[in-house]
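Student: One file is attached below, run39.cif, containing mmCIF, C-alpha atoms.
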```cif
data_structure
loop_
_atom_site.label_atom_id
_atom_site.label_comp_id
_atom_site.auth_asym_id
_atom_site.auth_seq_id
_atom_site.Cartn_x
_atom_site.Cartn_y
_atom_site.Cartn_z
CA MET A 1 81.95 51.91 89.77
CA LYS A 2 85.16 53.69 90.52
CA GLU A 3 84.16 54.13 94.15
CA GLY A 4 83.22 50.48 94.27
CA THR A 5 86.56 49.49 92.86
CA ASN A 6 88.27 51.63 95.47
CA TYR A 7 86.49 49.74 98.24
CA ASP A 8 87.42 46.34 96.81
CA LEU A 9 90.98 46.41 98.06
CA PRO A 10 90.21 47.28 101.69
CA ILE A 11 87.46 44.66 101.83
CA ARG A 12 89.83 42.03 100.49
CA ALA A 13 92.52 43.21 102.87
CA PHE A 14 90.13 43.05 105.84
CA ALA A 15 89.00 39.60 104.81
CA VAL A 16 92.58 38.32 104.54
CA THR A 17 93.54 39.99 107.83
CA GLY A 18 90.48 38.51 109.47
CA ILE A 19 91.34 35.01 108.32
CA LEU A 20 94.92 35.42 109.48
CA LEU A 21 93.87 36.76 112.89
CA THR A 22 91.39 33.92 113.32
CA ALA A 23 94.11 31.41 112.47
CA ILE A 24 96.51 33.06 114.93
CA GLY A 25 93.77 33.12 117.54
CA ILE A 26 93.08 29.42 117.12
CA MET A 27 96.80 28.65 117.32
CA ALA A 28 97.21 30.84 120.40
CA SER A 29 94.22 29.24 122.06
CA GLY A 30 95.69 25.85 121.30
CA LEU A 31 98.97 26.89 122.89
CA HIS A 32 97.15 28.12 125.98
CA SER A 33 95.03 25.06 126.45
CA SER A 34 97.76 23.28 128.38
CA ASP A 35 97.86 25.90 131.11
CA LYS A 36 94.54 27.62 130.70
CA ASN A 37 94.06 27.85 134.47
CA GLU A 38 96.80 30.42 134.80
CA THR A 39 95.47 32.61 132.05
CA ALA A 40 91.78 31.98 132.55
CA PRO A 41 89.58 34.71 131.09
CA ALA A 42 86.96 36.49 133.18
CA SER A 43 84.18 33.96 132.49
CA PRO A 44 85.84 30.72 131.46
CA VAL A 45 83.86 27.59 130.77
CA TYR A 46 85.19 24.63 132.71
CA GLU A 47 84.47 21.14 131.59
CA ILE A 48 84.00 18.54 134.30
CA LYS A 49 85.98 15.39 133.52
CA ARG A 50 85.63 13.01 136.41
CA ASP A 51 88.95 11.51 137.45
CA SER A 52 89.15 10.47 141.07
CA ILE A 53 92.92 9.92 141.13
CA THR A 54 93.76 13.36 139.73
CA SER A 55 91.06 14.94 141.89
CA LEU A 56 92.29 13.45 145.15
CA LYS A 57 95.89 14.29 144.32
CA ALA A 58 94.89 17.91 143.70
CA PHE A 59 92.87 18.08 146.91
CA LYS A 60 95.90 17.07 148.93
CA GLN A 61 97.51 20.31 147.78
CA VAL A 62 94.36 22.31 148.34
CA TYR A 63 93.97 20.97 151.88
CA LYS A 64 97.55 21.89 152.77
CA VAL A 65 96.86 25.50 151.82
CA LEU A 66 93.41 25.81 153.40
CA MET A 67 94.67 24.39 156.68
CA SER A 68 97.65 26.74 156.77
CA PRO A 69 97.39 29.62 159.26
CA ARG A 70 96.89 32.21 156.51
CA CYS A 71 93.60 30.58 155.55
CA MET A 72 92.48 28.72 158.66
CA ASN A 73 93.02 31.63 161.06
CA CYS A 74 89.94 33.33 159.64
CA HIS A 75 87.94 30.09 159.43
CA PRO A 76 87.94 29.18 163.14
CA SER A 77 85.70 26.63 164.78
CA GLY A 78 84.69 29.17 167.43
CA ASP A 79 83.62 32.79 167.14
CA ILE A 80 87.05 34.28 167.80
CA PRO A 81 89.55 34.44 164.93
CA LEU A 82 92.98 32.85 165.25
CA GLN A 83 96.41 34.45 165.01
CA GLY A 84 99.98 33.52 164.32
CA GLU A 85 101.73 30.47 162.94
CA ASP A 86 100.44 28.45 165.91
CA SER A 87 96.86 29.62 165.29
CA HIS A 88 96.25 30.78 168.83
CA LEU A 89 93.10 32.69 169.69
CA HIS A 90 93.31 36.31 168.52
CA THR A 91 94.50 38.51 171.37
CA MET A 92 91.82 40.81 172.81
CA SER A 93 89.21 38.23 171.72
CA PRO A 94 87.41 40.03 168.90
CA GLN A 95 84.15 38.29 168.12
CA ARG A 96 82.66 37.24 164.81
CA GLY A 97 79.37 39.14 165.06
CA SER A 98 76.42 38.25 162.85
CA ASP A 99 77.99 39.56 159.64
CA GLY A 100 81.50 38.32 160.44
CA LYS A 101 82.82 41.86 160.77
CA GLY A 102 83.04 42.08 164.54
CA VAL A 103 80.91 43.71 167.22
CA TYR A 104 80.49 47.20 168.71
CA ALA A 105 83.89 48.83 169.27
CA MET A 106 85.60 45.64 168.13
CA LYS A 107 84.94 45.63 164.41
CA CYS A 108 87.67 44.02 162.31
CA SER A 109 88.23 47.18 160.29
CA ASN A 110 88.87 49.23 163.43
CA CYS A 111 92.37 47.78 163.47
CA HIS A 112 92.69 46.02 160.09
CA GLN A 113 93.21 48.80 157.58
CA PRO A 114 92.61 48.63 153.81
CA THR A 115 96.30 47.74 153.41
CA ASN A 116 98.91 46.05 155.59
CA THR A 117 100.27 48.19 158.40
CA PRO A 118 104.08 48.51 158.21
CA GLY A 119 106.14 46.72 160.84
CA LEU A 120 106.54 43.24 162.27
CA HIS A 121 103.31 41.56 163.39
CA THR A 122 101.23 44.69 162.96
CA PRO A 123 97.64 44.23 161.78
CA PRO A 124 97.46 42.86 158.24
CA GLY A 125 95.07 44.78 156.02
CA ASN A 126 92.41 44.32 153.40
CA PRO A 127 89.41 46.51 152.55
CA ASN A 128 87.08 43.59 153.15
CA TRP A 129 88.62 42.01 156.25
CA HIS A 130 86.11 39.71 157.93
CA LEU A 131 85.29 36.20 159.11
CA PRO A 132 82.55 34.13 157.52
CA PRO A 133 79.17 35.27 158.88
CA ALA A 134 77.49 33.63 161.86
CA ASP A 135 74.88 31.85 159.72
CA MET A 136 77.52 30.36 157.39
CA LYS A 137 80.68 29.84 159.42
CA MET A 138 82.59 27.81 156.83
CA VAL A 139 84.84 26.31 159.49
CA PHE A 140 88.22 24.94 158.39
CA GLN A 141 89.77 24.46 161.84
CA GLY A 142 89.61 20.83 162.92
CA ARG A 143 88.16 19.53 159.66
CA THR A 144 89.57 16.30 158.26
CA PRO A 145 90.35 16.26 154.53
CA ARG A 146 87.12 14.41 153.88
CA GLN A 147 85.02 16.76 156.02
CA LEU A 148 86.53 19.83 154.42
CA ALA A 149 86.15 18.52 150.88
CA GLU A 150 82.48 17.70 151.46
CA GLN A 151 81.87 21.07 153.06
CA LEU A 152 83.59 23.00 150.29
CA ILE A 153 81.28 21.72 147.59
CA ASP A 154 78.07 21.86 149.61
CA PRO A 155 76.28 25.12 148.75
CA LYS A 156 74.45 24.97 152.07
CA ARG A 157 77.81 25.15 153.86
CA ASN A 158 80.07 26.98 151.40
CA GLY A 159 78.29 30.31 151.07
CA ASN A 160 75.88 29.16 148.34
CA LYS A 161 78.63 28.67 145.78
CA ASP A 162 78.36 26.45 142.74
CA ILE A 163 81.47 25.17 140.95
CA LYS A 164 81.77 28.32 138.86
CA LYS A 165 81.61 30.56 141.94
CA LEU A 166 84.03 28.33 143.80
CA ILE A 167 86.55 28.64 140.99
CA ALA A 168 86.10 32.41 140.89
CA HIS A 169 86.61 32.52 144.66
CA ALA A 170 90.25 31.54 144.20
CA ASP A 171 90.80 35.12 143.01
CA ASP A 172 88.75 36.77 145.77
CA GLY A 173 90.59 39.73 147.29
CA LEU A 174 90.62 38.26 150.77
CA VAL A 175 91.84 34.88 149.49
CA LEU A 176 94.66 36.66 147.68
CA ALA A 177 95.51 38.49 150.91
CA ALA A 178 96.87 35.17 152.22
CA TRP A 179 99.80 35.67 149.86
CA ASN A 180 100.37 39.22 151.09
CA PRO A 181 100.18 38.61 154.83
CA GLY A 182 102.28 41.46 156.15
CA GLU A 183 105.69 41.38 157.79
CA GLY A 184 106.55 38.46 160.07
CA ARG A 185 104.02 35.97 158.72
CA ASN A 186 104.67 32.85 156.67
CA LEU A 187 103.10 32.40 153.26
CA PRO A 188 100.80 29.45 152.52
CA PRO A 189 102.74 26.32 151.50
CA LEU A 190 101.95 26.74 147.76
CA SER A 191 102.14 29.78 145.51
CA HIS A 192 98.78 31.25 144.60
CA ALA A 193 99.18 30.03 141.01
CA ASP A 194 99.88 26.48 142.16
CA PHE A 195 97.02 26.63 144.64
CA LYS A 196 94.62 27.89 142.01
CA ARG A 197 95.72 25.18 139.60
CA ALA A 198 95.17 22.48 142.24
CA TRP A 199 91.84 24.02 143.27
CA ILE A 200 90.50 24.11 139.72
CA THR A 201 91.84 20.63 139.00
CA TRP A 202 90.13 19.26 142.09
CA LEU A 203 86.83 20.91 141.22
CA THR A 204 86.86 20.03 137.52
CA THR A 205 87.79 16.39 138.04
CA GLY A 206 84.80 15.64 140.20
CA ALA A 207 85.71 17.27 143.56
CA TYR A 208 86.25 13.88 145.15
CA ALA A 209 86.47 13.75 148.95
CA PRO A 210 89.27 11.60 150.40
CA LYS A 211 88.18 8.57 152.42
CA MET B 1 96.30 68.47 150.95
CA THR B 2 93.79 66.18 152.62
CA THR B 3 90.36 67.33 153.75
CA ILE B 4 88.88 65.76 156.86
CA THR B 5 86.03 66.76 159.12
CA ILE B 6 86.99 66.56 162.74
CA ASN B 7 84.53 67.26 165.53
CA GLY B 8 82.30 68.96 162.99
CA ASN B 9 84.99 71.25 161.59
CA GLN B 10 86.42 70.78 158.15
CA GLN B 11 90.21 70.83 158.15
CA GLN B 12 92.75 70.94 155.36
CA ILE B 13 95.72 68.81 156.33
CA ASP B 14 99.05 69.33 154.62
CA ALA B 15 100.76 66.05 155.45
CA ASP B 16 101.84 62.72 154.00
CA PRO B 17 98.65 60.69 153.34
CA ASN B 18 100.38 57.79 155.11
CA MET B 19 100.74 59.74 158.35
CA PRO B 20 98.88 58.03 161.20
CA LEU B 21 95.65 59.87 161.96
CA LEU B 22 96.75 60.01 165.60
CA TRP B 23 99.69 62.23 164.67
CA VAL B 24 97.41 64.50 162.66
CA ILE B 25 95.03 64.79 165.58
CA ARG B 26 97.63 65.37 168.26
CA ASP B 27 100.57 67.03 166.54
CA LEU B 28 98.96 68.98 163.72
CA LEU B 29 95.58 69.84 165.20
CA GLY B 30 96.63 70.00 168.85
CA LEU B 31 93.81 67.76 170.08
CA THR B 32 95.76 65.91 172.74
CA GLY B 33 92.91 64.13 174.50
CA THR B 34 93.52 61.11 172.28
CA LYS B 35 96.55 59.20 173.55
CA TYR B 36 99.41 57.27 172.04
CA GLY B 37 99.75 53.89 173.71
CA CYS B 38 101.27 51.06 171.71
CA GLY B 39 101.28 52.30 168.12
CA VAL B 40 100.19 48.90 166.75
CA ALA B 41 96.45 48.72 167.49
CA GLN B 42 96.91 46.60 170.60
CA CYS B 43 95.83 48.83 173.48
CA GLY B 44 92.94 51.12 172.48
CA ALA B 45 94.29 54.37 173.96
CA CYS B 46 94.03 56.07 170.57
CA VAL B 47 90.42 55.19 169.70
CA VAL B 48 88.50 57.86 167.80
CA HIS B 49 85.30 57.59 165.79
CA LEU B 50 85.60 57.36 162.02
CA ASN B 51 82.08 57.63 160.62
CA GLY B 52 80.93 56.27 163.96
CA ASP B 53 83.32 53.31 164.15
CA ALA B 54 85.86 53.03 166.97
CA VAL B 55 89.03 52.99 164.88
CA ARG B 56 92.56 52.86 166.28
CA SER B 57 94.00 56.13 165.05
CA CYS B 58 97.62 54.95 165.53
CA VAL B 59 97.31 52.58 162.55
CA THR B 60 94.70 54.50 160.58
CA ARG B 61 96.35 56.48 157.81
CA LEU B 62 95.31 60.02 157.06
CA SER B 63 94.28 58.86 153.57
CA ARG B 64 91.55 56.66 155.06
CA ALA B 65 90.06 59.67 156.82
CA GLU B 66 89.91 61.81 153.68
CA GLY B 67 86.41 63.26 153.31
CA GLN B 68 85.23 61.32 156.36
CA GLN B 69 83.81 62.34 159.72
CA ILE B 70 86.18 62.03 162.68
CA VAL B 71 85.13 62.54 166.28
CA THR B 72 87.69 62.66 169.08
CA ILE B 73 87.11 62.74 172.82
CA GLU B 74 87.02 66.55 172.58
CA GLY B 75 84.04 66.35 170.23
CA LEU B 76 82.05 63.53 171.84
CA SER B 77 79.74 66.08 173.49
CA LYS B 78 79.54 69.84 173.67
CA ASN B 79 79.65 70.11 177.45
CA ASN B 80 81.34 66.86 178.47
CA ASP B 81 77.86 65.56 179.14
CA HIS B 82 77.66 62.44 177.03
CA PRO B 83 76.08 59.76 179.27
CA VAL B 84 79.37 57.85 179.24
CA GLN B 85 81.30 60.93 180.38
CA LEU B 86 78.74 61.64 183.11
CA ALA B 87 78.91 58.05 184.31
CA TRP B 88 82.73 58.02 184.22
CA ASN B 89 82.70 61.08 186.42
CA GLU B 90 80.05 59.70 188.74
CA GLU B 91 81.90 56.42 189.26
CA SER B 92 85.36 58.05 189.40
CA VAL B 93 86.53 55.49 186.90
CA PRO B 94 90.04 56.67 185.97
CA GLN B 95 93.10 56.11 188.10
CA CYS B 96 95.98 57.48 186.04
CA GLY B 97 93.52 58.31 183.27
CA TYR B 98 95.79 57.67 180.31
CA CYS B 99 93.62 55.08 178.59
CA HIS B 100 90.26 56.62 179.34
CA SER B 101 89.62 58.76 176.30
CA GLY B 102 89.93 55.53 174.32
CA GLN B 103 87.80 53.64 176.82
CA ILE B 104 85.07 56.29 176.66
CA MET B 105 85.08 56.41 172.86
CA SER B 106 84.71 52.62 172.69
CA ALA B 107 81.96 52.60 175.31
CA ALA B 108 80.08 55.29 173.38
CA VAL B 109 79.97 53.03 170.31
CA LEU B 110 78.70 50.15 172.42
CA LEU B 111 75.87 52.22 173.86
CA ARG B 112 74.91 53.66 170.50
CA GLU B 113 74.43 50.13 169.16
CA ASN B 114 73.10 48.48 172.31
CA SER B 115 71.17 50.60 174.79
CA ASN B 116 71.02 47.85 177.40
CA PRO B 117 74.26 45.87 177.22
CA SER B 118 74.81 42.77 179.33
CA ASP B 119 78.14 42.19 181.06
CA ALA B 120 79.04 39.87 178.18
CA ASP B 121 78.28 42.64 175.68
CA ILE B 122 80.42 45.05 177.68
CA ASP B 123 83.30 42.60 177.78
CA ALA B 124 82.99 41.92 174.04
CA ALA B 125 82.98 45.62 173.21
CA MET B 126 85.72 46.69 175.59
CA ALA B 127 88.15 43.78 175.20
CA GLY B 128 90.41 45.86 172.97
CA ASN B 129 90.89 48.64 175.50
CA ILE B 130 93.61 47.90 178.01
CA CYS B 131 93.88 49.69 181.37
CA ARG B 132 97.17 49.17 183.15
CA CYS B 133 95.67 50.47 186.40
CA GLY B 134 93.09 47.71 186.23
CA THR B 135 89.97 49.83 186.47
CA TYR B 136 87.92 47.26 184.60
CA GLN B 137 85.31 46.78 187.30
CA ARG B 138 84.64 50.51 187.47
CA ILE B 139 84.53 50.70 183.67
CA ARG B 140 81.87 48.03 183.61
CA LYS B 141 79.91 49.72 186.40
CA ALA B 142 80.08 53.08 184.64
CA ILE B 143 78.88 51.62 181.36
CA ARG B 144 75.88 50.15 183.11
CA LEU B 145 75.17 53.57 184.67
CA ALA B 146 75.68 55.31 181.32
CA ALA B 147 73.18 52.95 179.73
CA GLU B 148 70.72 53.86 182.44
CA LEU B 149 71.34 57.59 181.99
CA GLN B 150 70.97 57.25 178.25
CA ARG B 151 67.69 55.43 178.58
CA LYS B 152 66.41 58.02 181.06
CA GLU B 153 67.31 60.87 178.80
CA GLY B 154 65.89 59.04 175.83
CA THR B 155 69.02 59.97 173.95
CA ASN B 156 70.83 57.77 171.52
CA LYS B 157 74.09 59.54 171.02
#
```
For the structure just supplied, provide its representation as structure tokens.
Tutor:
Amino acid sequence: MKEGTNYDLPIRAFAVTGILLTAIGIMASGLHSSDKNETAPASPVYEIKRDSITSLKAFKQVYKVLMSPRCMNCHPSGDIPLQGEDSHLHTMSPQRGSDGKGVYAMKCSNCHQPTNTPGLHTPPGNPNWHLPPADMKMVFQGRTPRQLAEQLIDPKRNGNKDIKKLIAHADDGLVLAAWNPGEGRNLPPLSHADFKRAWITWLTTGAYAPK
Amino acid sequence: MTTITINGNQQQIDADPNMPLLWVIRDLLGLTGTKYGCGVAQCGACVVHLNGDAVRSCVTRLSRAEGQQIVTIEGLSKNNDHPVQLAWNEESVPQCGYCHSGQIMSAAVLLRENSNPSDADIDAAMAGNICRCGTYQRIRKAIRLAAELQRKEGTNK
């Protein structure tokens, strides 16, 4: 009995602590709900609430980023990547190759290192530097807002991604590299946080394509 | 201390891990066949093989080579008899010669992956190797000959 009595206090204490923590958790989650996109956990559940006005407004922002050189240069309409703020063809004409990683002695990673190379206009780096593969080119260059929006949500043209995978793609290492482009290159027109917010908003409000 | 294997020999390198591999190869190991051209991966003079890929050693940091296999022009063959080297000699490809260790290293990767390259394949593979003497036609001719030699020997180096 004595031992049992001894355990009573901790059990009560745990129970009270548990209730308090749950209450704090609920409050905290309530506080976060307004900007949950910024602090999204690893596997968040997104509710689709169709709203064409909000969706189209968000896509305007998304389109501005995706058509900026930092994104579009590696989503060319041809098989040679683009370079620079004017999106000219990449000097020395490296080719996509079947896996998007170049061909023969001209593989992307032969020049593009795991990290940015120091110095103005030197090769930017990422461990996974590549173009989309030849069988799924995911072209941005030349796409109208409507064409790009339709392409982005079509699994047959977006790399077999559903909404959940598309949302996760906003944090892909190569996507993030756009905001760490190396010396001498402009950043995309929105911060990554703002882009991600617009991207998720567009997707979770119905992913409407502009007319 | 960084351990790399270069031309089959393991080497302990006491240097900043950010040092360009080209400096390690030339200045620390004394293998001066690999050349410094532009320093920003634009010309191809410094191409070496890193696990078989034709990397530009001027922008490749020593840290990337740690524990990896590096081959320089000195280690491409034991007796300077790689089909590409034989063909380069046969066709008297170089003029000043400065870019040709890089050219040969790139061509060797092409022929390893494609034993019968078309002119388009050659252009695609060699577009990153600049020759200021303009020996491009001889380079192309030599690669075709090297492919032939390789096929005859049945080698796939």
Student: Using all atoms listed in the file, tabulate the residues of chain A lying at most 6 Å from any atom of chain B, each with its closest atom pair and that distance in Å to one decimal, by chain and increasing residue number, as a Markdown table.
Tutor:
```
| residue | atom | partner | partner_atom | distance |
| --- | --- | --- | --- | --- |
| A:Met92 | CA | B:Gly128 | CA | 5.2 |
| A:Tyr104 | CA | B:Leu110 | CA | 5.1 |
| A:Ala105 | CA | B:Ala125 | CA | 5.2 |
| A:Met106 | CA | B:Ala125 | CA | 5.7 |
| A:Asn110 | CA | B:Val55 | CA | 4.0 |
| A:Cys111 | CA | B:Ala41 | CA | 5.8 |
| A:Thr122 | CA | B:Val40 | CA | 5.8 |
```
Student: Run through the PyMOL selection byres ((chain B and resi 3-8) around 12) on the given coordinates and return the selected residues as a ChimeraX atom specification.
Tutor: /B:1-2,9-15,17,21,24-25,29-31,48-52,61-78
Student: Run through the PyMOL selection byres ((chain A and resi 187) around 12) on the given coordinates and return the selected residues as number ranges by chain.
Tutor: A: 64-66, 68-71, 84-85, 176-186, 188-192
Student: Using only C-alpha atoms, please write the residues we just selected to a file, as a short mmCIF file (atom, residue, chain, number, x, y, z; two decimals), in the frame of the given file.
Tutor:
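Wrote it out as out.cif, contents follow:
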```
data_model
loop_
_atom_site.label_atom_id
_atom_site.label_comp_id
_atom_site.auth_asym_id
_atom_site.auth_seq_id
_atom_site.Cartn_x
_atom_site.Cartn_y
_atom_site.Cartn_z
CA LYS A 64 97.55 21.89 152.77
CA VAL A 65 96.86 25.50 151.82
CA LEU A 66 93.41 25.81 153.40
CA SER A 68 97.65 26.74 156.77
CA PRO A 69 97.39 29.62 159.26
CA ARG A 70 96.89 32.21 156.51
CA CYS A 71 93.60 30.58 155.55
CA GLY A 84 99.98 33.52 164.32
CA GLU A 85 101.73 30.47 162.94
CA LEU A 176 94.66 36.66 147.68
CA ALA A 177 95.51 38.49 150.91
CA ALA A 178 96.87 35.17 152.22
CA TRP A 179 99.80 35.67 149.86
CA ASN A 180 100.37 39.22 151.09
CA PRO A 181 100.18 38.61 154.83
CA GLY A 182 102.28 41.46 156.15
CA GLU A 183 105.69 41.38 157.79
CA GLY A 184 106.55 38.46 160.07
CA ARG A 185 104.02 35.97 158.72
CA ASN A 186 104.67 32.85 156.67
CA PRO A 188 100.80 29.45 152.52
CA PRO A 189 102.74 26.32 151.50
CA LEU A 190 101.95 26.74 147.76
CA SER A 191 102.14 29.78 145.51
CA HIS A 192 98.78 31.25 144.60
#
```
Student: Grab the atom CA of Ser55 of chain A to atom CA of Arg197 of chain A distance for me, in Å with one decimal place.
Tutor: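 Taking atom CA of Ser55 of chain A and atom CA of Arg197 of chain A, their separation equals 11.5 Å.
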Student: Quick one: distance from atom CA of Met67 of chain A to atom CA of Gly119 of chain A in Å, one decimal?
Tutor: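 A separation of 25.4 Å between them.
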Student: Going by the chain IDs and residue numbers used in this file, which residues fall under the PyMOL selection byres ((chain A and resi 156-167) around 10)? Write them as an MDAnalysis selection string.
Tutor: chainID A and resid 37 43:46 48 132:133 135:139 150:155 168:172 196:197 199:201 203:204 207
Student: Those same residues - C-alpha atoms - I'd like them written as an mmCIF file, keeping the file's coordinate frame.
Tutor:
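part.cif was written with the following content:
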```
data_model
loop_
_atom_site.group_PDB
_atom_site.id
_atom_site.type_symbol
_atom_site.label_atom_id
_atom_site.label_comp_id
_atom_site.auth_asym_id
_atom_site.auth_seq_id
_atom_site.Cartn_x
_atom_site.Cartn_y
_atom_site.Cartn_z
ATOM 1 C CA ASN A 37 94.060 27.850 134.470
ATOM 2 C CA SER A 43 84.180 33.960 132.490
ATOM 3 C CA PRO A 44 85.840 30.720 131.460
ATOM 4 C CA VAL A 45 83.860 27.590 130.770
ATOM 5 C CA TYR A 46 85.190 24.630 132.710
ATOM 6 C CA ILE A 48 84.000 18.540 134.300
ATOM 7 C CA PRO A 132 82.550 34.130 157.520
ATOM 8 C CA PRO A 133 79.170 35.270 158.880
ATOM 9 C CA ASP A 135 74.880 31.850 159.720
ATOM 10 C CA MET A 136 77.520 30.360 157.390
ATOM 11 C CA LYS A 137 80.680 29.840 159.420
ATOM 12 C CA MET A 138 82.590 27.810 156.830
ATOM 13 C CA VAL A 139 84.840 26.310 159.490
ATOM 14 C CA GLU A 150 82.480 17.700 151.460
ATOM 15 C CA GLN A 151 81.870 21.070 153.060
ATOM 16 C CA LEU A 152 83.590 23.000 150.290
ATOM 17 C CA ILE A 153 81.280 21.720 147.590
ATOM 18 C CA ASP A 154 78.070 21.860 149.610
ATOM 19 C CA PRO A 155 76.280 25.120 148.750
ATOM 20 C CA ALA A 168 86.100 32.410 140.890
ATOM 21 C CA HIS A 169 86.610 32.520 144.660
ATOM 22 C CA ALA A 170 90.250 31.540 144.200
ATOM 23 C CA ASP A 171 90.800 35.120 143.010
ATOM 24 C CA ASP A 172 88.750 36.770 145.770
ATOM 25 C CA LYS A 196 94.620 27.890 142.010
ATOM 26 C CA ARG A 197 95.720 25.180 139.600
ATOM 27 C CA TRP A 199 91.840 24.020 143.270
ATOM 28 C CA ILE A 200 90.500 24.110 139.720
ATOM 29 C CA THR A 201 91.840 20.630 139.000
ATOM 30 C CA LEU A 203 86.830 20.910 141.220
ATOM 31 C CA THR A 204 86.860 20.030 137.520
ATOM 32 C CA ALA A 207 85.710 17.270 143.560
#
```
Student: What does the distance between atom CA of Ala147 of chain B and atom CA of Thr32 of chain B come to in Å, to one decimal place?
Tutor: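 That distance, rounded to one decimal, is 27.0 Å.
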Student: Which residues come within 10 Å of segment 91-95 of chain B, counting all atoms listed in the file, excluding same-chain residues fewer than 5 positions away, as a PyMOL selection string?
Tutor: chain B and resi 85-86+100-101+103+131-143+145
Student: Nearest to Thr34 of chain B: which of B:Leu22, B:Ile104, B:Val84, B:Ala120 is it, counting all atoms listed in the file?
Tutor: B:Leu22
